[in-house]
Amino acid sequence: MKDEREFFPSGRGEWVEAGGGVAEQVLSQGPDGMLTRLARWAPGTTTEAGVIRHEYVEEVYLLEGELTDLTLQQTFRAGDYACRPPGMPHGPYTTVTGCTMLEIRY
């Protein structure tokens, strides 16, 4: 289970380099891999992992900027949402202008 957290100003949290041009601000996480974070992709970032699959549910909401799925050749923008069940293939991704997203894993 995640720790209890009442409303707090997320904009004041610390951004930590997560690798590959992505910085993250973890809002909450649990010992079992559950995670809620803000992820900020720098302009020009491209994922190196190719098509991605993982063993958890992932929900992503784009808050600002744009993100292009290179497999689908489709660009997503602020307000777009994805819900990926375990094993669902997605990516790789690139962003020209950068983007910020809310990501929830469970």
# chains A, B, ... in the order shown; residues from 1 in each chain; ligands from 1
>>> residues_around(residues="Gly21 of chain A", least_positions_apart="6", cutoff="10 Å", atoms="only C-alpha atoms", output="list in words")
Arg40, Trp41, Ala42, Pro43, Gly44, Thr45, Thr46, Thr47 and Gly98 of chain A
>>> write_last_selection(atoms="N, CA and C atoms", output="JSON list (two decimals), in the first residue's frame")
[["chain", "number", "residue", "atom", "x", "y", "z"],
["A", 40, "ARG", "N", 8.96, 14.37, -16.84],
["A", 40, "ARG", "CA", 9.20, 15.49, -17.75],
["A", 40, "ARG", "C", 10.27, 15.08, -18.75],
["A", 41, "TRP", "N", 9.89, 15.00, -20.01],
["A", 41, "TRP", "CA", 10.80, 14.62, -21.08],
["A", 41, "TRP", "C", 11.39, 15.88, -21.70],
["A", 42, "ALA", "N", 12.70, 15.95, -21.80],
["A", 42, "ALA", "CA", 13.38, 17.09, -22.41],
["A", 42, "ALA", "C", 13.13, 17.09, -23.92],
["A", 43, "PRO", "N", 13.12, 18.27, -24.54],
["A", 43, "PRO", "CA", 12.99, 18.33, -26.00],
["A", 43, "PRO", "C", 14.06, 17.46, -26.67],
["A", 44, "GLY", "N", 13.65, 16.73, -27.71],
["A", 44, "GLY", "CA", 14.58, 15.88, -28.44],
["A", 44, "GLY", "C", 14.80, 14.49, -27.86],
["A", 45, "THR", "N", 14.10, 14.14, -26.78],
["A", 45, "THR", "CA", 14.27, 12.83, -26.16],
["A", 45, "THR", "C", 13.62, 11.74, -27.01],
["A", 46, "THR", "N", 14.34, 10.63, -27.17],
["A", 46, "THR", "CA", 13.84, 9.44, -27.85],
["A", 46, "THR", "C", 14.17, 8.24, -26.98],
["A", 47, "THR", "N", 13.20, 7.36, -26.75],
["A", 47, "THR", "CA", 13.46, 6.17, -25.94],
["A", 47, "THR", "C", 14.38, 5.23, -26.72],
["A", 98, "GLY", "N", 9.34, 18.34, -26.14],
["A", 98, "GLY", "CA", 9.31, 17.94, -24.74],
["A", 98, "GLY", "C", 7.88, 17.74, -24.29]]
>>> residues_around(residues="Gln25 of chain A", least_positions_apart="4", cutoff="8 Å", atoms="only C-alpha atoms", output="PDB file with all heavy atoms, in the first residue's frame")
ATOM      1  N   GLY A  13       7.839  20.071  -5.603  1.00  0.00           N
ATOM      2  CA  GLY A  13       8.638  18.877  -5.388  1.00  0.00           C
ATOM      3  C   GLY A  13       9.931  18.894  -6.182  1.00  0.00           C
ATOM      4  O   GLY A  13      10.091  19.646  -7.146  1.00  0.00           O
ATOM      5  N   GLU A  14      10.855  18.046  -5.784  1.00  0.00           N
ATOM      6  CA  GLU A  14      12.162  17.964  -6.426  1.00  0.00           C
ATOM      7  C   GLU A  14      12.100  17.080  -7.672  1.00  0.00           C
ATOM      8  O   GLU A  14      11.552  15.981  -7.644  1.00  0.00           O
ATOM      9  CB  GLU A  14      13.169  17.381  -5.441  1.00  0.00           C
ATOM     10  CG  GLU A  14      14.558  17.274  -5.987  1.00  0.00           C
ATOM     11  CD  GLU A  14      15.535  16.665  -4.994  1.00  0.00           C
ATOM     12  OE1 GLU A  14      15.164  16.449  -3.835  1.00  0.00           O
ATOM     13  OE2 GLU A  14      16.673  16.402  -5.419  1.00  0.00           O
ATOM     14  N   TRP A  15      12.667  17.579  -8.760  1.00  0.00           N
ATOM     15  CA  TRP A  15      12.805  16.793  -9.982  1.00  0.00           C
ATOM     16  C   TRP A  15      14.135  16.065  -9.926  1.00  0.00           C
ATOM     17  O   TRP A  15      15.171  16.662  -9.652  1.00  0.00           O
ATOM     18  CB  TRP A  15      12.747  17.690 -11.209  1.00  0.00           C
ATOM     19  CG  TRP A  15      11.382  18.231 -11.482  1.00  0.00           C
ATOM     20  CD1 TRP A  15      10.884  19.433 -11.060  1.00  0.00           C
ATOM     21  CD2 TRP A  15      10.332  17.590 -12.199  1.00  0.00           C
ATOM     22  NE1 TRP A  15       9.585  19.583 -11.493  1.00  0.00           N
ATOM     23  CE2 TRP A  15       9.215  18.454 -12.198  1.00  0.00           C
ATOM     24  CE3 TRP A  15      10.213  16.366 -12.850  1.00  0.00           C
ATOM     25  CZ2 TRP A  15       8.018  18.148 -12.813  1.00  0.00           C
ATOM     26  CZ3 TRP A  15       9.016  16.049 -13.476  1.00  0.00           C
ATOM     27  CH2 TRP A  15       7.931  16.934 -13.457  1.00  0.00           C
ATOM     28  N   VAL A  16      14.105  14.757 -10.192  1.00  0.00           N
ATOM     29  CA  VAL A  16      15.298  13.915 -10.139  1.00  0.00           C
ATOM     30  C   VAL A  16      15.510  13.308 -11.509  1.00  0.00           C
ATOM     31  O   VAL A  16      14.554  12.840 -12.144  1.00  0.00           O
ATOM     32  CB  VAL A  16      15.125  12.799  -9.083  1.00  0.00           C
ATOM     33  CG1 VAL A  16      16.310  11.866  -9.064  1.00  0.00           C
ATOM     34  CG2 VAL A  16      14.877  13.404  -7.714  1.00  0.00           C
ATOM     35  N   ARG A  37       3.838   9.276 -10.519  1.00  0.00           N
ATOM     36  CA  ARG A  37       4.902  10.262 -10.723  1.00  0.00           C
ATOM     37  C   ARG A  37       4.537  11.228 -11.829  1.00  0.00           C
ATOM     38  O   ARG A  37       3.683  10.949 -12.681  1.00  0.00           O
ATOM     39  CB  ARG A  37       6.220   9.578 -11.070  1.00  0.00           C
ATOM     40  CG  ARG A  37       6.272   9.033 -12.487  1.00  0.00           C
ATOM     41  CD  ARG A  37       7.630   8.457 -12.822  1.00  0.00           C
ATOM     42  NE  ARG A  37       7.699   8.054 -14.230  1.00  0.00           N
ATOM     43  CZ  ARG A  37       8.818   7.856 -14.880  1.00  0.00           C
ATOM     44  NH1 ARG A  37       9.984   7.982 -14.272  1.00  0.00           N
ATOM     45  NH2 ARG A  37       8.802   7.502 -16.158  1.00  0.00           N
ATOM     46  N   LEU A  38       5.210  12.369 -11.806  1.00  0.00           N
ATOM     47  CA  LEU A  38       5.239  13.284 -12.933  1.00  0.00           C
ATOM     48  C   LEU A  38       6.536  12.985 -13.669  1.00  0.00           C
ATOM     49  O   LEU A  38       7.588  12.826 -13.031  1.00  0.00           O
ATOM     50  CB  LEU A  38       5.219  14.736 -12.474  1.00  0.00           C
ATOM     51  CG  LEU A  38       3.970  15.188 -11.714  1.00  0.00           C
ATOM     52  CD1 LEU A  38       4.166  16.599 -11.177  1.00  0.00           C
ATOM     53  CD2 LEU A  38       2.748  15.124 -12.615  1.00  0.00           C
ATOM     54  N   ALA A  39       6.474  12.863 -14.977  1.00  0.00           N
ATOM     55  CA  ALA A  39       7.670  12.633 -15.781  1.00  0.00           C
ATOM     56  C   ALA A  39       7.781  13.755 -16.799  1.00  0.00           C
ATOM     57  O   ALA A  39       6.821  14.067 -17.500  1.00  0.00           O
ATOM     58  CB  ALA A  39       7.597  11.280 -16.488  1.00  0.00           C
TER      59      ALA A  39
END
>>> residues_around(residues="Gly33 of chain A", least_positions_apart="2", cutoff="12 Å", atoms="only C-alpha atoms", output="CSV table (one decimal) with all heavy atoms, in the first residue's frame")
chain,number,residue,atom,x,y,z
A,1,MET,N,0.8,-1.2,0.0
A,1,MET,CA,0.0,0.0,0.0
A,1,MET,C,0.9,1.2,0.0
A,1,MET,O,1.9,1.3,0.6
A,1,MET,CB,-0.9,0.0,1.2
A,1,MET,CG,-2.2,0.7,1.2
A,1,MET,SD,-3.1,0.3,-0.3
A,1,MET,CE,-4.7,0.2,0.3
A,2,LYS,N,0.4,2.3,-0.7
A,2,LYS,CA,1.1,3.5,-0.7
A,2,LYS,C,0.9,4.3,0.7
A,2,LYS,O,0.0,4.0,1.3
A,2,LYS,CB,0.6,4.4,-1.8
A,2,LYS,CG,1.0,4.0,-3.2
A,2,LYS,CD,0.4,5.0,-4.2
A,2,LYS,CE,0.6,4.5,-5.6
A,2,LYS,NZ,0.1,5.5,-6.6
A,28,SER,N,4.0,9.5,-5.1
A,28,SER,CA,3.7,8.5,-4.1
A,28,SER,C,4.2,7.1,-4.7
A,28,SER,O,4.2,6.9,-5.9
A,28,SER,CB,2.3,8.4,-3.7
A,28,SER,OG,1.5,7.9,-4.8
A,29,GLN,N,4.6,6.2,-3.8
A,29,GLN,CA,5.0,4.9,-4.3
A,29,GLN,C,4.8,3.9,-3.1
A,29,GLN,O,4.8,4.3,-1.9
A,29,GLN,CB,6.4,4.9,-4.8
A,29,GLN,CG,7.5,5.1,-3.9
A,29,GLN,CD,8.8,5.1,-4.6
A,29,GLN,OE1,9.4,6.2,-4.8
A,29,GLN,NE2,9.3,4.0,-5.0
A,30,GLY,N,4.6,2.7,-3.5
A,30,GLY,CA,4.5,1.6,-2.5
A,30,GLY,C,5.6,0.6,-2.6
A,30,GLY,O,6.4,0.6,-3.6
A,31,PRO,N,5.8,-0.2,-1.6
A,31,PRO,CA,6.9,-1.2,-1.6
A,31,PRO,C,6.7,-2.3,-2.7
A,31,PRO,O,7.7,-2.9,-3.0
A,31,PRO,CB,6.8,-1.8,-0.2
A,31,PRO,CG,5.4,-1.6,0.2
A,31,PRO,CD,5.0,-0.3,-0.4
A,35,LEU,N,3.4,3.1,-8.2
A,35,LEU,CA,4.1,4.4,-8.4
A,35,LEU,C,3.2,5.4,-9.0
A,35,LEU,O,2.4,5.0,-10.0
A,35,LEU,CB,5.3,4.2,-9.3
A,35,LEU,CG,6.1,5.4,-9.6
A,35,LEU,CD1,6.9,5.9,-8.5
A,35,LEU,CD2,7.0,5.2,-10.8
A,36,THR,N,3.2,6.6,-8.5
A,36,THR,CA,2.5,7.7,-9.2
A,36,THR,C,3.6,8.8,-9.3
A,36,THR,O,4.3,9.2,-8.3
A,36,THR,CB,1.4,8.3,-8.4
A,36,THR,OG1,0.4,7.2,-8.2
A,36,THR,CG2,0.7,9.4,-9.1
A,54,HIS,N,5.6,-4.4,-20.0
A,54,HIS,CA,5.9,-4.5,-18.6
A,54,HIS,C,4.8,-5.3,-17.9
A,54,HIS,O,3.8,-5.5,-18.5
A,54,HIS,CB,6.2,-3.2,-17.9
A,54,HIS,CG,5.4,-2.0,-18.4
A,54,HIS,ND1,4.1,-1.9,-18.2
A,54,HIS,CD2,5.8,-1.0,-19.1
A,54,HIS,CE1,3.7,-0.8,-18.7
A,54,HIS,NE2,4.7,-0.2,-19.3
A,55,GLU,N,5.1,-5.7,-16.7
A,55,GLU,CA,4.2,-6.6,-16.0
A,55,GLU,C,3.2,-5.9,-15.1
A,55,GLU,O,2.7,-6.5,-14.2
A,55,GLU,CB,5.0,-7.6,-15.1
A,55,GLU,CG,5.9,-8.5,-16.0
A,55,GLU,CD,5.1,-9.3,-17.0
A,55,GLU,OE1,4.1,-9.9,-16.6
A,55,GLU,OE2,5.5,-9.3,-18.2
A,56,TYR,N,3.0,-4.6,-15.2
A,56,TYR,CA,2.1,-3.8,-14.4
A,56,TYR,C,1.2,-3.0,-15.3
A,56,TYR,O,1.4,-2.8,-16.5
A,56,TYR,CB,2.9,-2.9,-13.5
A,56,TYR,CG,4.0,-2.1,-14.1
A,56,TYR,CD1,3.7,-0.9,-14.8
A,56,TYR,CD2,5.3,-2.5,-14.1
A,56,TYR,CE1,4.7,-0.1,-15.4
A,56,TYR,CE2,6.3,-1.7,-14.7
A,56,TYR,CZ,6.0,-0.6,-15.4
A,56,TYR,OH,7.0,0.2,-16.0
A,57,VAL,N,0.1,-2.6,-14.7
A,57,VAL,CA,-0.8,-1.7,-15.4
A,57,VAL,C,-0.2,-0.3,-15.3
A,57,VAL,O,0.4,0.1,-14.3
A,57,VAL,CB,-2.2,-1.6,-14.7
A,57,VAL,CG1,-3.1,-0.6,-15.3
A,57,VAL,CG2,-2.9,-3.0,-14.7
A,58,GLU,N,-0.3,0.4,-16.4
A,58,GLU,CA,0.3,1.8,-16.5
A,58,GLU,C,-0.8,2.7,-17.1
A,58,GLU,O,-1.3,2.4,-18.2
A,58,GLU,CB,1.5,1.8,-17.4
A,58,GLU,CG,2.2,3.1,-17.6
A,58,GLU,CD,3.4,3.1,-18.5
A,58,GLU,OE1,3.2,2.6,-19.7
A,58,GLU,OE2,4.5,3.4,-18.0
A,104,ILE,N,0.9,6.6,-13.7
A,104,ILE,CA,0.4,5.8,-12.5
A,104,ILE,C,0.7,4.3,-12.9
A,104,ILE,O,0.2,3.8,-13.9
A,104,ILE,CB,-1.1,6.0,-12.2
A,104,ILE,CG1,-1.3,7.5,-11.9
A,104,ILE,CG2,-1.5,5.1,-11.0
A,104,ILE,CD1,-2.8,7.9,-11.9
A,105,ARG,N,1.4,3.6,-12.0
A,105,ARG,CA,1.7,2.2,-12.2
A,105,ARG,C,1.2,1.4,-11.0
A,105,ARG,O,1.3,1.8,-9.9
A,105,ARG,CB,3.2,2.0,-12.3
A,105,ARG,CG,4.0,2.7,-13.3
A,105,ARG,CD,5.4,2.4,-13.2
A,105,ARG,NE,6.2,3.2,-14.2
A,105,ARG,CZ,7.5,3.3,-14.2
A,105,ARG,NH1,8.2,2.6,-13.3
A,105,ARG,NH2,8.1,4.0,-15.0
A,106,TYR,N,0.5,0.3,-11.4
A,106,TYR,CA,0.1,-0.7,-10.3
A,106,TYR,C,0.0,-2.1,-10.8
A,106,TYR,O,0.0,-2.3,-12.0
A,106,TYR,CB,-1.2,-0.2,-9.7
A,106,TYR,CG,-2.3,0.1,-10.7
A,106,TYR,CD1,-3.3,-0.8,-11.0
A,106,TYR,CD2,-2.4,1.4,-11.3
A,106,TYR,CE1,-4.3,-0.5,-11.9
A,106,TYR,CE2,-3.5,1.7,-12.1
A,106,TYR,CZ,-4.4,0.7,-12.5
A,106,TYR,OH,-5.4,1.0,-13.3
>>> closest_residue(among="A:Ala49, A:Leu67, A:Val60, A:Cys99", to="Ala82 of chain A", atoms="only C-alpha atoms")
A:Val60
>>> residues_around(residues="Gln73 of chain A", least_positions_apart="2", cutoff="12 Å", atoms="only C-alpha atoms", output="PyMOL selection string")
chain A and resi 67-71+75-76+90-94
>>> closest_residue(among="A:Gly50, A:Leu102, A:Arg77, A:Glu59", to="Pro89 of chain A", atoms="only C-alpha atoms")
A:Gly50
>>> closest_residue(among="A:Asp32, A:Met101, A:Glu24, A:Leu62", to="Tyr81 of chain A", atoms="only C-alpha atoms")
A:Leu62
>>> closest_residue(among="A:Gly87, A:Glu48, A:Val22, A:Leu72", to="Thr100 of chain A", atoms="only C-alpha atoms")
A:Val22
>>> select_by_dssp(residues="chain A", states="strand (DSSP E)", output="number ranges by chain")
A: 16-19, 22-29, 35-41, 58-69, 74-77, 81-84, 93-94, 99-105
>>> atom_distance(atom1="atom CA of Thr95 of chain A", atom2="atom CA of Leu27 of chain A")
23.3 Å
>>> atom_distance(atom1="atom CA of Met34 of chain A", atom2="atom CA of Cys83 of chain A")
14.9 Å
>>> decode(residues="segment 22-49 of chain A", atoms="N, CA, C and O atoms", output="short mmCIF file (atom, residue, chain, number, x, y, z; two decimals), in the first residue's frame")
data_model
loop_
_atom_site.label_atom_id
_atom_site.label_comp_id
_atom_site.auth_asym_id
_atom_site.auth_seq_id
_atom_site.Cartn_x
_atom_site.Cartn_y
_atom_site.Cartn_z
N VAL A 22 14.82 12.05 -19.28
CA VAL A 22 13.59 12.13 -18.50
C VAL A 22 13.92 12.47 -17.05
O VAL A 22 14.80 11.86 -16.44
N ALA A 23 13.21 13.45 -16.50
CA ALA A 23 13.30 13.77 -15.08
C ALA A 23 11.96 13.38 -14.45
O ALA A 23 10.93 13.42 -15.12
N GLU A 24 12.00 12.99 -13.19
CA GLU A 24 10.77 12.57 -12.54
C GLU A 24 10.60 13.22 -11.19
O GLU A 24 11.57 13.59 -10.53
N GLN A 25 9.35 13.35 -10.80
CA GLN A 25 8.98 13.80 -9.47
C GLN A 25 8.01 12.75 -8.95
O GLN A 25 6.87 12.66 -9.41
N VAL A 26 8.48 11.90 -8.02
CA VAL A 26 7.64 10.83 -7.49
C VAL A 26 6.66 11.45 -6.49
O VAL A 26 7.06 12.11 -5.54
N LEU A 27 5.38 11.26 -6.76
CA LEU A 27 4.33 11.79 -5.88
C LEU A 27 3.99 10.79 -4.79
O LEU A 27 3.73 11.18 -3.65
N SER A 28 3.97 9.51 -5.13
CA SER A 28 3.75 8.45 -4.13
C SER A 28 4.22 7.13 -4.71
O SER A 28 4.25 6.95 -5.93
N GLN A 29 4.60 6.24 -3.81
CA GLN A 29 4.97 4.90 -4.25
C GLN A 29 4.81 3.92 -3.11
O GLN A 29 4.80 4.30 -1.94
N GLY A 30 4.65 2.68 -3.48
CA GLY A 30 4.50 1.63 -2.50
C GLY A 30 5.63 0.63 -2.61
O GLY A 30 6.36 0.61 -3.60
N PRO A 31 5.79 -0.22 -1.62
CA PRO A 31 6.89 -1.18 -1.61
C PRO A 31 6.75 -2.25 -2.69
O PRO A 31 7.72 -2.91 -3.04
N ASP A 32 5.58 -2.41 -3.24
CA ASP A 32 5.31 -3.45 -4.23
C ASP A 32 5.43 -2.96 -5.67
O ASP A 32 4.97 -3.62 -6.59
N GLY A 33 6.03 -1.79 -5.89
CA GLY A 33 6.22 -1.27 -7.24
C GLY A 33 5.15 -0.30 -7.69
O GLY A 33 5.26 0.27 -8.77
N MET A 34 4.09 -0.11 -6.89
CA MET A 34 3.08 0.89 -7.24
C MET A 34 3.75 2.27 -7.23
O MET A 34 4.56 2.56 -6.37
N LEU A 35 3.41 3.09 -8.22
CA LEU A 35 4.08 4.37 -8.37
C LEU A 35 3.16 5.38 -9.02
O LEU A 35 2.43 5.05 -9.97
N THR A 36 3.18 6.60 -8.52
CA THR A 36 2.55 7.74 -9.18
C THR A 36 3.62 8.80 -9.30
O THR A 36 4.25 9.16 -8.30
N ARG A 37 3.84 9.28 -10.52
CA ARG A 37 4.90 10.26 -10.72
C ARG A 37 4.54 11.23 -11.83
O ARG A 37 3.68 10.95 -12.68
N LEU A 38 5.21 12.37 -11.81
CA LEU A 38 5.24 13.28 -12.93
C LEU A 38 6.54 12.98 -13.67
O LEU A 38 7.59 12.83 -13.03
N ALA A 39 6.47 12.86 -14.98
CA ALA A 39 7.67 12.63 -15.78
C ALA A 39 7.78 13.76 -16.80
O ALA A 39 6.82 14.07 -17.50
N ARG A 40 8.96 14.37 -16.84
CA ARG A 40 9.20 15.49 -17.75
C ARG A 40 10.27 15.08 -18.75
O ARG A 40 11.40 14.78 -18.36
N TRP A 41 9.89 15.00 -20.01
CA TRP A 41 10.80 14.62 -21.08
C TRP A 41 11.39 15.88 -21.70
O TRP A 41 10.65 16.78 -22.12
N ALA A 42 12.70 15.95 -21.80
CA ALA A 42 13.38 17.09 -22.41
C ALA A 42 13.13 17.09 -23.92
O ALA A 42 12.93 16.03 -24.53
N PRO A 43 13.12 18.27 -24.54
CA PRO A 43 12.99 18.33 -26.00
C PRO A 43 14.06 17.46 -26.67
O PRO A 43 15.21 17.42 -26.23
N GLY A 44 13.65 16.73 -27.71
CA GLY A 44 14.58 15.88 -28.44
C GLY A 44 14.80 14.49 -27.86
O GLY A 44 15.57 13.71 -28.40
N THR A 45 14.10 14.14 -26.78
CA THR A 45 14.27 12.83 -26.16
C THR A 45 13.62 11.74 -27.01
O THR A 45 12.51 11.90 -27.51
N THR A 46 14.34 10.63 -27.17
CA THR A 46 13.84 9.44 -27.85
C THR A 46 14.17 8.24 -26.98
O THR A 46 15.30 8.12 -26.51
N THR A 47 13.20 7.36 -26.75
CA THR A 47 13.46 6.17 -25.94
C THR A 47 14.38 5.23 -26.72
O THR A 47 14.30 5.12 -27.94
N GLU A 48 15.23 4.53 -25.99
CA GLU A 48 16.21 3.64 -26.61
C GLU A 48 15.79 2.18 -26.51
O GLU A 48 16.40 1.32 -27.13
N ALA A 49 14.74 1.87 -25.75
CA ALA A 49 14.38 0.49 -25.45
C ALA A 49 13.62 -0.20 -26.57
O ALA A 49 13.35 -1.39 -26.48
#
